[in-house]
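Engineer: run35.txt is the file, holding compact mmCIF, C-alpha atoms:
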# COMPACT_ATOMS: atom_id res chain seq x y z
CA MET A 1 -28.31 -53.07 115.15
CA GLU A 2 -30.95 -55.76 115.54
CA PHE A 3 -32.34 -55.05 112.07
CA TYR A 4 -28.80 -54.91 110.72
CA GLU A 5 -28.11 -58.37 112.09
CA ARG A 6 -31.40 -59.82 110.85
CA VAL A 7 -30.74 -58.68 107.28
CA SER A 8 -27.02 -59.34 106.89
CA GLY A 9 -26.51 -62.24 109.28
CA ALA A 10 -23.77 -60.36 111.14
CA ARG A 11 -24.00 -57.65 113.75
CA MET A 12 -21.00 -55.56 112.80
CA HIS A 13 -19.58 -56.96 109.55
CA ALA A 14 -22.41 -56.87 107.04
CA ALA A 15 -22.92 -59.44 104.31
CA PHE A 16 -25.97 -57.79 102.77
CA TYR A 17 -24.20 -56.09 99.85
CA ARG A 18 -22.66 -58.46 97.34
CA PRO A 19 -21.01 -57.93 93.92
CA ASN A 20 -23.74 -56.86 91.50
CA GLU A 21 -26.53 -58.02 93.80
CA LEU A 22 -27.98 -58.06 97.32
CA ASP A 23 -28.72 -60.82 99.78
CA TRP A 24 -32.53 -60.84 99.77
CA THR A 25 -32.95 -63.80 102.11
CA GLY A 26 -33.24 -61.65 105.24
CA LEU A 27 -36.05 -59.45 103.86
CA ASN A 28 -39.43 -60.86 104.79
CA TYR A 29 -42.87 -59.79 105.91
CA GLN A 30 -42.02 -59.52 109.60
CA PHE A 31 -38.86 -57.50 108.95
CA PHE A 32 -40.61 -54.65 107.09
CA LEU A 33 -43.42 -54.63 109.62
CA ASP A 34 -40.98 -54.38 112.54
CA VAL A 35 -39.07 -51.56 110.82
CA ALA A 36 -42.28 -49.57 110.36
CA LEU A 37 -43.33 -50.06 113.99
CA PHE A 38 -39.86 -49.23 115.31
CA SER A 39 -39.66 -46.04 113.24
CA ARG A 40 -43.00 -44.91 114.63
CA ASP A 41 -41.87 -45.48 118.24
CA CYS A 42 -38.44 -43.97 117.54
CA PHE A 43 -40.05 -40.74 116.35
CA LYS A 44 -41.96 -40.50 119.63
CA SER A 45 -38.84 -41.17 121.72
CA LEU A 46 -36.80 -38.58 119.82
CA THR A 47 -39.49 -35.98 120.47
CA GLU A 48 -39.32 -36.63 124.21
CA ILE A 49 -35.51 -36.43 124.27
CA PHE A 50 -35.45 -33.27 122.15
CA ALA A 51 -38.06 -31.54 124.33
CA VAL A 52 -36.18 -32.30 127.56
CA LEU A 53 -32.64 -31.44 126.48
CA THR A 54 -33.09 -28.47 124.15
CA THR A 55 -34.29 -26.03 126.83
CA ASN A 56 -32.51 -27.57 129.83
CA ASN A 57 -30.31 -24.94 131.49
CA ILE A 58 -27.74 -27.44 132.78
CA TRP A 59 -27.43 -29.08 129.37
CA LYS A 60 -27.05 -25.74 127.60
CA SER A 61 -24.45 -24.50 130.10
CA ARG A 62 -22.25 -27.49 129.29
CA LEU A 63 -22.65 -27.21 125.50
CA VAL A 64 -23.21 -23.58 124.45
CA GLY A 65 -19.91 -21.94 123.52
CA VAL A 66 -17.87 -25.13 124.17
CA GLY A 67 -15.64 -26.33 121.34
CA SER A 68 -16.43 -23.46 118.99
CA ILE A 69 -14.78 -23.40 115.58
CA ASN A 70 -15.07 -21.21 112.50
CA LEU A 71 -15.06 -21.67 108.74
CA ASN A 72 -11.29 -21.33 108.41
CA ASP A 73 -10.78 -24.11 110.95
CA VAL A 74 -13.00 -26.64 109.21
CA LEU A 75 -11.41 -25.92 105.83
CA SER A 76 -7.87 -26.16 107.23
CA TYR A 77 -8.47 -29.53 108.93
CA SER A 78 -10.73 -31.01 106.19
CA VAL A 79 -13.48 -32.01 108.61
CA SER A 80 -16.87 -33.13 107.38
CA GLY A 81 -20.31 -34.21 108.52
CA PRO A 82 -22.14 -32.41 111.35
CA VAL A 83 -18.87 -30.79 112.46
CA VAL A 84 -18.46 -28.83 109.22
CA ARG A 85 -22.18 -28.10 108.97
CA SER A 86 -22.21 -26.66 112.49
CA VAL A 87 -20.41 -23.53 111.18
CA GLY A 88 -22.99 -23.01 108.43
CA PHE A 89 -21.00 -24.64 105.61
CA LYS A 90 -23.39 -26.83 103.60
CA LYS A 91 -21.42 -29.91 102.60
CA ASP A 92 -23.38 -33.13 102.12
CA LEU A 93 -22.46 -35.63 99.40
CA ARG A 94 -26.05 -36.83 99.15
CA PHE A 95 -27.11 -33.47 97.69
CA TYR A 96 -24.43 -33.22 94.98
CA ARG A 97 -25.79 -34.56 91.71
CA SER A 98 -22.35 -35.76 90.64
CA GLU A 99 -21.59 -37.42 94.00
CA THR A 100 -24.97 -38.70 95.14
CA TYR A 101 -25.60 -42.41 95.55
CA ALA A 102 -28.22 -44.96 96.72
CA SER A 103 -31.09 -42.99 95.09
CA TYR A 104 -30.78 -40.14 97.63
CA TRP A 105 -31.37 -37.70 94.77
CA PHE A 106 -34.93 -39.01 94.36
CA LEU A 107 -35.82 -38.67 98.05
CA SER A 108 -37.14 -35.61 99.83
CA LEU A 109 -34.66 -34.90 102.61
CA TYR A 110 -32.99 -31.96 104.31
CA SER A 111 -29.54 -31.10 105.67
CA PHE A 112 -29.31 -28.90 108.75
CA LEU A 113 -26.81 -26.14 109.46
CA GLY A 114 -25.57 -24.35 112.56
CA LYS A 115 -24.24 -20.86 113.17
CA ARG A 116 -21.78 -20.75 116.08
CA GLY A 117 -19.97 -24.02 115.44
CA ASP A 118 -20.12 -25.07 119.11
CA SER A 119 -21.15 -28.33 120.76
CA TYR A 120 -24.75 -27.17 121.13
CA ASP A 121 -25.10 -26.63 117.38
CA ARG A 122 -23.65 -30.08 116.72
CA PHE A 123 -26.13 -31.56 119.20
CA LEU A 124 -29.06 -29.89 117.44
CA ILE A 125 -27.84 -31.06 114.03
CA ARG A 126 -27.49 -34.67 115.16
CA VAL A 127 -30.94 -34.79 116.73
CA ARG A 128 -32.51 -33.30 113.61
CA GLU A 129 -30.63 -35.80 111.47
CA MET A 130 -32.12 -38.62 113.53
CA TYR A 131 -35.56 -37.20 112.74
CA GLU A 132 -34.56 -37.08 109.09
CA SER A 133 -33.39 -40.70 109.21
CA VAL A 134 -36.83 -41.80 110.39
CA ASN A 135 -38.34 -39.75 107.58
CA ILE A 136 -36.07 -41.47 105.04
CA VAL A 137 -37.10 -44.90 106.34
CA PHE A 138 -40.78 -44.07 105.88
CA GLN A 139 -40.11 -42.72 102.38
CA VAL A 140 -38.25 -45.87 101.34
CA LEU A 141 -41.04 -48.09 102.69
CA SER A 142 -43.58 -45.97 100.85
CA ASN A 143 -41.64 -46.03 97.58
CA LEU A 144 -41.25 -49.81 97.77
CA THR A 145 -44.99 -50.24 97.96
CA SER A 146 -45.84 -47.89 95.08
CA THR A 147 -45.69 -49.28 91.56
CA GLN A 148 -45.79 -45.72 90.21
CA ASN A 149 -42.37 -44.97 91.70
CA LEU A 150 -40.61 -47.56 89.55
CA ASN A 151 -40.24 -44.83 86.92
CA THR A 152 -36.96 -43.14 87.89
CA SER A 153 -37.36 -40.37 85.33
CA SER A 154 -39.37 -38.36 87.88
CA ASP A 155 -37.26 -36.15 90.14
CA LYS A 156 -39.80 -36.15 92.98
CA PRO A 157 -41.07 -39.22 94.85
CA GLN A 158 -44.79 -39.79 94.93
CA LYS A 159 -46.70 -40.33 98.14
CA ILE A 160 -48.80 -43.41 98.79
CA ASN A 161 -51.11 -44.54 101.57
CA PHE A 162 -50.72 -47.35 104.07
CA PHE A 163 -53.20 -49.61 102.26
CA SER A 164 -50.64 -50.28 99.52
CA PHE A 165 -47.99 -50.76 102.21
CA PHE A 166 -49.83 -53.66 103.82
CA ASN A 167 -50.62 -55.05 100.37
CA PHE A 168 -46.86 -55.07 99.79
CA MET A 169 -46.43 -56.90 103.12
CA TYR A 170 -48.91 -59.54 102.03
CA LYS A 171 -46.98 -60.18 98.80
CA ILE A 172 -43.76 -60.63 100.75
CA LYS A 173 -45.49 -63.03 103.12
CA LYS A 174 -46.68 -65.11 100.14
CA ASN A 175 -43.17 -65.04 98.59
CA GLN A 176 -44.43 -63.18 95.53
CA PHE A 177 -41.97 -60.27 95.65
CA PHE A 178 -38.46 -61.73 96.06
CA LYS A 179 -37.25 -64.84 94.28
CA LYS A 180 -34.19 -66.79 95.32
CA THR A 181 -31.49 -67.61 92.80
CA LYS A 182 -31.47 -71.26 91.70
CA TYR A 183 -28.70 -73.02 89.85
CA THR A 184 -29.82 -75.67 87.39
CA SER A 185 -26.37 -76.88 86.32
CA MET A 186 -23.00 -77.57 87.88
CA GLU A 187 -21.32 -75.18 85.41
CA ASN A 188 -23.37 -72.21 86.65
CA LEU A 189 -22.62 -73.10 90.25
CA ILE A 190 -18.87 -73.33 89.56
CA LYS A 191 -18.94 -70.00 87.69
CA HIS A 192 -20.74 -68.36 90.60
CA PHE A 193 -18.21 -69.83 93.07
CA LYS A 194 -15.24 -68.57 91.03
CA GLU A 195 -16.68 -65.04 90.89
CA TYR A 196 -16.94 -64.87 94.67
CA SER A 197 -13.67 -66.67 95.45
CA GLU A 198 -11.41 -64.93 92.93
CA GLY A 199 -13.01 -61.50 93.24
CA ILE A 200 -13.56 -58.70 90.75
CA LYS A 201 -10.69 -57.66 88.46
CA PRO A 202 -11.10 -53.96 87.60
CA GLY A 203 -9.00 -52.11 85.06
CA LYS A 204 -5.80 -50.28 85.90
CA GLY A 205 -6.06 -46.81 87.38
CA PHE A 206 -7.02 -44.73 90.41
CA THR A 207 -10.49 -44.19 91.83
CA TYR A 208 -11.98 -42.55 94.91
CA ASN A 209 -15.54 -42.96 96.11
CA ALA A 210 -17.11 -41.61 99.29
CA VAL A 211 -20.40 -41.71 101.15
CA GLU A 212 -21.94 -39.31 103.65
CA ALA A 213 -21.65 -41.42 106.80
CA PRO A 214 -23.34 -40.28 110.05
CA LYS A 215 -19.98 -39.02 111.36
CA GLY A 216 -18.79 -37.41 108.13
CA GLU A 217 -17.30 -38.24 104.76
CA PHE A 218 -16.12 -41.84 104.57
CA GLY A 219 -14.15 -42.58 101.42
CA VAL A 220 -11.98 -45.28 99.91
CA ALA A 221 -9.14 -44.58 97.45
CA LEU A 222 -7.97 -47.50 95.31
CA ILE A 223 -5.10 -47.98 92.88
CA SER A 224 -5.66 -51.04 90.71
CA ASP A 225 -3.09 -53.08 88.78
CA ALA A 226 -5.80 -55.12 86.99
CA THR A 227 -5.74 -57.94 89.56
CA SER A 228 -8.31 -58.99 92.14
CA ARG A 229 -6.19 -57.38 94.90
CA PRO A 230 -5.63 -53.60 94.93
CA TYR A 231 -2.11 -52.26 94.50
CA ARG A 232 -2.87 -49.64 97.17
CA CYS A 233 -5.90 -48.96 99.35
CA LYS A 234 -6.43 -45.91 101.53
CA MET A 235 -9.48 -45.34 103.72
CA ARG A 236 -10.50 -41.77 104.50
CA THR A 237 -12.33 -41.82 107.83
CA PRO A 238 -13.89 -38.69 109.40
CA ALA A 239 -12.67 -39.58 112.90
CA ASP A 240 -9.01 -39.12 111.95
CA HIS A 241 -9.57 -35.54 110.79
CA HIS A 242 -11.77 -34.74 113.80
CA MET A 243 -9.03 -35.90 116.16
CA HIS A 244 -6.65 -33.35 114.60
CA ILE A 245 -9.03 -30.43 115.09
CA MET A 246 -9.64 -31.36 118.71
CA THR A 247 -6.59 -29.37 119.86
CA ARG A 248 -8.11 -26.26 118.26
CA MET A 249 -11.54 -26.88 119.77
CA ALA A 250 -10.18 -27.42 123.30
CA GLN A 251 -8.31 -24.10 123.51
CA GLY A 252 -9.44 -22.00 126.47
CA HIS A 253 -11.63 -24.71 128.02
CA TYR A 254 -11.44 -26.91 131.11
CA LEU A 255 -10.33 -30.52 131.15
CA ALA A 256 -13.93 -31.56 131.87
CA ASP A 257 -15.01 -29.96 128.58
CA LEU A 258 -12.97 -32.51 126.64
CA VAL A 259 -15.74 -35.06 127.24
CA THR A 260 -18.28 -32.68 125.73
CA ILE A 261 -16.07 -31.90 122.74
CA LEU A 262 -15.31 -35.57 122.13
CA GLY A 263 -18.99 -36.49 122.33
CA SER A 264 -20.04 -33.71 119.96
CA GLN A 265 -17.54 -34.96 117.39
CA ASP A 266 -18.75 -38.57 117.85
CA ILE A 267 -15.31 -40.06 117.33
CA VAL A 268 -14.83 -43.82 116.97
CA PHE A 269 -11.24 -44.65 117.82
CA GLY A 270 -11.38 -47.79 115.70
CA ASP A 271 -11.62 -45.44 112.71
CA VAL A 272 -8.53 -43.46 113.67
CA ASP A 273 -6.01 -46.29 113.28
CA ARG A 274 -7.16 -47.28 109.77
Kindly present the structure from the file in structure tokens form.

Structural biologist:
Amino acid sequence: MEFYERVSGARMHAAFYRPNELDWTGLNYQFFLDVALFSRDCFKSLTEIFAVLTTNNIWKSRLVGVGSINLNDVLSYSVSGPVVRSVGFKKDLRFYRSETYASYWFLSLYSFLGKRGDSYDRFLIRVREMYESVNIVFQVLSNLTSTQNLNTSSDKPQKINFFSFFNFMYKIKKNQFFKKTKYTSMENLIKHFKEYSEGIKPGKGFTYNAVEAPKGEFGVALISDATSRPYRCKMRTPADHHMHIMTRMAQGHYLADLVTILGSQDIVFGDVDR
């Protein structure tokens, strides 16, 4: 969250992504260096947590066999993310060529599956995904520093060493990598202001786009009437669907197991009321 705030200027409501561009002002030498150092320490901390919890008898007694579901359940309730992958159903939008986004197709990453569909499988999947997130961060930093990876025709990313990484840091420090936008006339400034104030006016029709969020599939459905405001907007949050399947997962368990089931689903109640 600290890096999120340093880049976007806001802790929760990001301002990093903008129409047809990004806000590059928060990316500097110290930011990339801190991300690399944090990822290194995070990998070490994850290893310690994983080693302690995975074989702990008390931890396993509270998770193994608790909140078990099967393939028919996940298909009936339209769940996604680690919950659907815990039953062995491989569903990850980042791996579909027609649905992938943000250059995930060009990265080397893995998606993990479970077998029993219980809370212990969901715990293992989430820990392994945290490992994979650190791996993705290192890959992105490596690809940024390699001039050979600017050719997107290659399906596999190329590896580089840390010498080019620190050379990339030096260029950022000397302001040789990112250039700020400058407006030389009042007309260009007014045009830029109108684009941001009036918004984008897409064509009429329906569209749905989704991303593979940490908790599951997060999608937005829009119906446009060719104005800057959508005629209808519907957000598809994973927490809403996971709340519905909770009654199925809690059958035959104690009231104390509800905390375990809720934690394994990783529900955010602010998502439910969207």

Engineer: Enter the distance from CA of Gly65 in chain A to CA of Asp118 in chain A, in Å, rounded to one decimal.

Structural biologist: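 Value for the CA of Gly65 in chain A-CA of Asp118 in chain A distance: 5.4 Å.
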
Engineer: Find, counting only C-alpha atoms, the residue in A:Ser61, A:Asn56, A:Thr47, A:Ser103 that gets nearest to Val127 in chain A.

Structural biologist: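 Under the stated criterion, the closest residue is A:Thr47.
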
Engineer: Do a neighbour search on range 72-85 of chain A at 9 Å with all atoms listed in the file, toss out local chain neighbours closer than 3 positions, and write the hits as an MDAnalysis selection string.

Structural biologist: chainID A and resid 69 88:92 111:115 117:119 121:123 125:126 212:217 238:239 241:242 244:245 248 264:265

Engineer: Would you mind exporting C-alpha atoms of the selected residues as a compact mmCIF listing (two decimals), keeping the file's coordinate frame?

Structural biologist:
# COMPACT_ATOMS: atom_id res chain seq x y z
CA ILE A 69 -14.78 -23.40 115.58
CA GLY A 88 -22.99 -23.01 108.43
CA PHE A 89 -21.00 -24.64 105.61
CA LYS A 90 -23.39 -26.83 103.60
CA LYS A 91 -21.42 -29.91 102.60
CA ASP A 92 -23.38 -33.13 102.12
CA SER A 111 -29.54 -31.10 105.67
CA PHE A 112 -29.31 -28.90 108.75
CA LEU A 113 -26.81 -26.14 109.46
CA GLY A 114 -25.57 -24.35 112.56
CA LYS A 115 -24.24 -20.86 113.17
CA GLY A 117 -19.97 -24.02 115.44
CA ASP A 118 -20.12 -25.07 119.11
CA SER A 119 -21.15 -28.33 120.76
CA ASP A 121 -25.10 -26.63 117.38
CA ARG A 122 -23.65 -30.08 116.72
CA PHE A 123 -26.13 -31.56 119.20
CA ILE A 125 -27.84 -31.06 114.03
CA ARG A 126 -27.49 -34.67 115.16
CA GLU A 212 -21.94 -39.31 103.65
CA ALA A 213 -21.65 -41.42 106.80
CA PRO A 214 -23.34 -40.28 110.05
CA LYS A 215 -19.98 -39.02 111.36
CA GLY A 216 -18.79 -37.41 108.13
CA GLU A 217 -17.30 -38.24 104.76
CA PRO A 238 -13.89 -38.69 109.40
CA ALA A 239 -12.67 -39.58 112.90
CA HIS A 241 -9.57 -35.54 110.79
CA HIS A 242 -11.77 -34.74 113.80
CA HIS A 244 -6.65 -33.35 114.60
CA ILE A 245 -9.03 -30.43 115.09
CA ARG A 248 -8.11 -26.26 118.26
CA SER A 264 -20.04 -33.71 119.96
CA GLN A 265 -17.54 -34.96 117.39

Engineer: I need the residue nearest Asn135 in chain A from this list: A:Tyr110, A:His13, A:Leu53, A:Cys233. Use all atoms listed in the file for the distance.

Structural biologist: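 For Asn135 in chain A, the nearest of the given residues is A:Tyr110.
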
Engineer: Mind checking which residues fall within 9 Å of Ala226 in chain A, counting all atoms listed in the file, ignoring those fewer than 2 positions away in the same chain, and posting them as a VMD selection string?

Structural biologist: chain A and resid 201 to 205 224 228 to 231

Engineer: Just give me the gap between CA of Gly219 in chain A and CA of Met12 in chain A in Å, one decimal is fine.

Structural biologist: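 Spanning CA of Gly219 in chain A to CA of Met12 in chain A is a straight-line distance of 18.6 Å.
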
Engineer: I'd like the neighbourhood of Val66 in chain A as a PyMOL selection string, where a residue qualifies if any of its atoms comes within 8 Å (using all atoms listed in the file), though same-chain residues fewer than 5 positions away should be ignored.

Structural biologist: chain A and resi 118-120+249+253+257+260-261
